[in-house]
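Shown next, in structure tokens, is the structure this report addresses.
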Amino acid sequence: MVNRGTIDLEKKVNDYVNLNSRIRYPIIEDLLTHTSGYHAFIPLFSSIWVLISKGFNKKNIYQNLNEDWLYQSLKKIRPLRKRKYRYSDYNYAVLALIIQTIEQRPYKQVIIDYIQSEIGMTNTFYGSEAQTKNHKYSWLWEDNNPFLASGGLFSTIEDMLLFLNFQLQNQERLNISHAKYHRTNINRDVYTGFSWNSFYKGKFYWHIGGQGYYRSYVLFDLKKEISIVILSTVDVDIQHVSRLGSSLYRNAKRNPASLQNFFEIYKGLTT
């Protein structure tokens, strides 16, 4: 959209959505780099019993929210003015609202059309109530939940590798999303791009996520052209997935053939 000129990263949220004129809204770049001043939104009163008794995994903490709720909350919430890195799912929900306002069609349709036509990710889809209501590993996702943009996309190893290889093959086209904008506060050497994390002197990027009992880790190295994807359907600590991904990357960087040999041997043994 930036390349087409339909969105300007320096414009504010209220330049695209009619909101409260008394609030100083962040710019689009702030949303993309999680420096908007918005905190992660958790509807505490509706979720507290589930969180205490069963933990985060048992229930979607954004359940029963819709686009009208998001629009009304944007009119009330005042983001912090200090541009400090704070990872927030709310940023994704706001970005989705802006994109569908500009495109004049549902955000989910915009994304699915793009990843299928441009990248070829034909086995990737957004969760829906029909698909997730009986799925024991997933949060329940209603069709109009604005937080689908923050974690409701379901995919496969093959499609995720297509996505990461797209990053490698379109560096010039995607350079603004790979730029290193702000330190993340977690580590002085770690910077954020458009939701990608990267070491300041490194040429590799990673992201960690999860919802329900799903955990995921992705990494791509622009210089060595290495892609790593881990999709886990077990309730494990996110840091464990991160350490496993980092270990695979270090192994692939030292000897690219070693991992392939391992999987070929493993395949032969299991067959």
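If you're wondering about the labels, chains in the structure tokens are A, B, ... by order shown, residues count from 1 in each chain, ligands from 1 in order shown.
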>> I'd like the neighbourhood of A:Asn91 as a PyMOL selection string, where a residue qualifies if any of its atoms comes within 7 Å (using only C-alpha atoms), though same-chain residues fewer than 3 positions away should be ignored.
In response: chain A and resi 31+34+88+94-95
> When DSSP works through the backbone of this structure, what residues of stretch 53-260 of chain A end up as strand (DSSP E), shown as a VMD selection string?
Replying inline: chain A and resid 125 to 126 153 to 154 182 to 183 190 to 192 197 to 199 204 to 211 214 to 221 226 to 232
> Using only C-alpha atoms, which residues sit within 8 Å of A:Lys180 once same-chain residues fewer than 4 positions away are excluded, as an MDAnalysis selection string?
Replying inline: chainID A and resid 191:193 198 200
Listing only residues of stretch 58-161 of chain A within 7 Å of stretch 216-231 of chain A, what is the closest atom pair and its distance in Å (to one decimal) for each, using only C-alpha atoms, sorted by chain and residue number ascending, as a tab-separated table?
```
residue	atom	partner	partner_atom	distance
A:Ile157	CA	A:Val229	CA	6.6
A:Met160	CA	A:Val229	CA	6.9
A:Leu161	CA	A:Val229	CA	6.8
```
>> Quick check, in Å to one decimal: how far apart do atom CA of A:Gln171 and atom CA of A:Leu32 lie?
In response: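 It comes out at 17.8 Å.
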>> Counting only C-alpha atoms, which residue out of A:Phe199, A:Tyr126, A:Phe194, A:Tyr38 sits closest to A:Phe147?
In response: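 Selected residue with least distance to A:Phe147: A:Tyr126.
Summary of the local environment: counting only C-alpha atoms, residues at most 7 Å from A:Arg215, other than itself and those fewer than 6 positions away along its chain, are Gly209, Leu231, Ser232, Thr233 and Ile238 of chain A.
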> Leaving out stretch 138-144 of chain A and any residue of its chain fewer than 3 positions from it, which residues lie within 6 Å of it when counting only C-alpha atoms, given as a list of chain:residue names?
Replying inline: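 Once the adjacent positions are removed, what remains is A:Lys59, A:Asn60, A:Asn66, A:Gly127, A:Ser128, A:Glu129, A:Thr132, A:Lys133, A:His135, A:Gly212.
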Test item: residues at most 12 Å from A:Gln72, only C-alpha atoms, excluding those fewer than 2 positions along its chain, as a compact mmCIF listing (two decimals) with N, CA and C atoms, in the first residue's frame:
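So the final result, stored in result-v4.txt, reads:
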```
# COMPACT_ATOMS: atom_id res chain seq x y z
N VAL A 17 -9.35 7.52 9.78
CA VAL A 17 -10.58 7.13 10.46
C VAL A 17 -11.11 8.34 11.23
N ASN A 18 -12.40 8.59 11.12
CA ASN A 18 -13.02 9.73 11.80
C ASN A 18 -13.10 9.45 13.29
N LEU A 19 -12.29 10.19 14.10
CA LEU A 19 -12.19 9.91 15.52
C LEU A 19 -12.31 11.18 16.35
N ASN A 20 -11.83 11.12 17.58
CA ASN A 20 -11.93 12.22 18.54
C ASN A 20 -10.87 13.28 18.24
N LEU A 65 -15.53 -9.24 21.46
CA LEU A 65 -15.27 -7.86 21.04
C LEU A 65 -15.50 -7.77 19.53
N ASN A 66 -15.95 -6.60 19.06
CA ASN A 66 -16.21 -6.44 17.63
C ASN A 66 -15.65 -5.11 17.15
N GLU A 67 -15.85 -4.82 15.88
CA GLU A 67 -15.28 -3.60 15.30
C GLU A 67 -15.89 -2.34 15.88
N ASP A 68 -17.15 -2.41 16.26
CA ASP A 68 -17.78 -1.23 16.88
C ASP A 68 -17.11 -0.93 18.22
N TRP A 69 -16.79 -1.98 18.98
CA TRP A 69 -16.06 -1.78 20.25
C TRP A 69 -14.72 -1.10 19.99
N LEU A 70 -14.00 -1.56 18.96
CA LEU A 70 -12.69 -0.99 18.64
C LEU A 70 -12.83 0.49 18.27
N LEU A 74 -11.18 3.61 20.44
CA LEU A 74 -10.23 4.56 19.86
C LEU A 74 -10.63 6.00 20.15
N LYS A 75 -11.91 6.25 20.33
CA LYS A 75 -12.37 7.60 20.63
C LYS A 75 -12.09 7.99 22.08
N LYS A 76 -11.78 6.98 22.93
CA LYS A 76 -11.62 7.24 24.37
C LYS A 76 -10.18 7.07 24.85
N ILE A 77 -9.48 6.07 24.32
CA ILE A 77 -8.14 5.75 24.83
C ILE A 77 -7.13 6.78 24.36
N VAL A 94 -5.97 -1.86 15.25
CA VAL A 94 -6.13 -0.52 14.68
C VAL A 94 -5.66 -0.48 13.23
```
> Out of A:Tyr114, A:Tyr214, A:Tyr87, A:Tyr62, which residue has the shortest atom-to-atom distance to A:Asn185 when counting only C-alpha atoms?
Replying inline: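 The shortest atom-to-atom distance to A:Asn185 comes from A:Tyr87.
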>> Can you tell me, as number ranges by chain, which residues in stretch 107-188 of chain A count as helix (DSSP H, G or I) by DSSP?
In response: A: 107-119, 129-132, 148-151, 157-169, 175-178
> Leaving out A:Thr122 and any residue of its chain fewer than 3 positions from it, which residues lie within 8 Å of it when counting only C-alpha atoms, given as a list in words?
Replying inline: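 Non-adjacent residues within range: Ile115, Gln116 and Asp159 of chain A.
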